[in-house]
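Text of my_file-v2.cif, listed as mmCIF, C-alpha atoms:
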```
data_query
loop_
_atom_site.label_atom_id
_atom_site.label_comp_id
_atom_site.auth_asym_id
_atom_site.auth_seq_id
_atom_site.Cartn_x
_atom_site.Cartn_y
_atom_site.Cartn_z
CA MET V 1 80.64 127.17 110.05
CA LEU V 2 77.88 125.89 107.78
CA HIS V 3 75.29 126.99 110.34
CA ARG V 4 76.64 130.56 110.25
CA PHE V 5 76.63 130.61 106.43
CA LEU V 6 73.04 129.37 106.27
CA LEU V 7 71.94 131.97 108.82
CA ILE V 8 73.58 134.77 106.85
CA MET V 9 71.99 133.61 103.59
CA ALA V 10 68.56 133.32 105.23
CA LEU V 11 68.85 136.86 106.61
CA ALA V 12 69.89 138.22 103.21
CA CYS V 13 66.98 136.50 101.44
CA THR V 14 64.51 137.69 104.07
CA ALA V 15 65.74 141.29 103.80
CA ILE V 16 65.42 141.22 100.00
CA ALA V 17 61.92 139.73 100.23
CA CYS V 18 60.85 142.46 102.68
CA TYR V 19 62.21 145.18 100.40
CA ILE V 20 60.39 143.71 97.39
CA ALA V 21 57.12 143.40 99.32
CA GLY V 22 57.48 146.97 100.60
CA ASN V 23 58.08 148.38 97.14
CA ALA V 24 55.25 146.41 95.54
CA SER V 25 52.65 147.27 98.17
CA GLY V 26 53.95 150.67 99.24
CA THR V 27 53.80 149.56 102.85
CA VAL V 28 56.42 151.19 105.03
CA THR V 29 56.25 148.29 107.51
CA PHE V 30 57.89 145.88 105.06
CA ILE V 31 60.65 148.38 104.29
CA VAL V 32 61.34 148.90 108.01
CA MET V 33 61.38 145.12 108.51
CA GLY V 34 63.85 144.85 105.63
CA VAL V 35 66.13 147.42 107.24
CA CYS V 36 66.02 145.55 110.57
CA VAL V 37 66.78 142.20 108.95
CA GLU V 38 69.60 143.74 106.92
CA LEU V 39 71.07 145.15 110.12
CA LEU V 40 71.04 141.66 111.61
CA PHE V 41 72.71 140.42 108.42
CA TRP V 42 75.59 142.86 108.73
CA LEU V 43 75.99 142.17 112.44
CA GLN V 44 76.31 138.45 111.68
CA LEU V 45 79.12 139.16 109.21
CA LEU V 46 81.22 140.89 111.84
CA PRO V 47 83.64 138.51 113.52
CA THR V 48 83.07 137.88 117.18
CA LYS V 49 86.03 138.06 119.50
CA ARG V 50 86.23 135.31 122.08
CA VAL V 51 87.81 136.11 125.40
CA GLU V 52 90.19 133.38 126.50
CA PRO V 53 90.07 132.72 130.24
CA GLU V 54 93.40 133.22 131.96
CA SER V 55 94.87 130.12 133.57
#
```
Could you quickly redo this structure as structure tokens?
Amino acid sequence: MLHRFLLIMALACTAIACYIAGNASGTVTFIVMGVCVELLFWLQLLPTKRVEPES
């Protein structure tokens, strides 16, 4: 559980850093990277359903 929390926080910080770098430099690449990392962030927040094997 701690591993998942740390991953989510790292993705959020990376997305924010990319947005800040994109705004400061005007580079579209950083903004696109921020959008991609934010997408990964939101996908990590969604619960994963585990399929139980039938016995």
Which residues are near stretch 7-12 of chain V? Cut-off 7 Å, all atoms listed in the file, ignore same chain within fewer than 2 positions. Put them as a ChimeraX atom specification. /V:3-5,14-16,37-38,41,44
Quick one: apply the PyMOL selection byres ((chain V and resi 19) around 12) to the file and drop the selected residues here as a PyMOL selection string. chain V and resi 12-18+20-38
Give the padded box for stretch 23-28 of chain V as AutoDock Vina command-line options: axis-aligned, covering all atoms listed in the file, 4 Å on each side, centre and edge lengths in Å to one decimal.
```
--center_x 55.4 --center_y 148.8 --center_z 100.3 --size_x 13.4 --size_y 12.8 --size_z 17.5
```
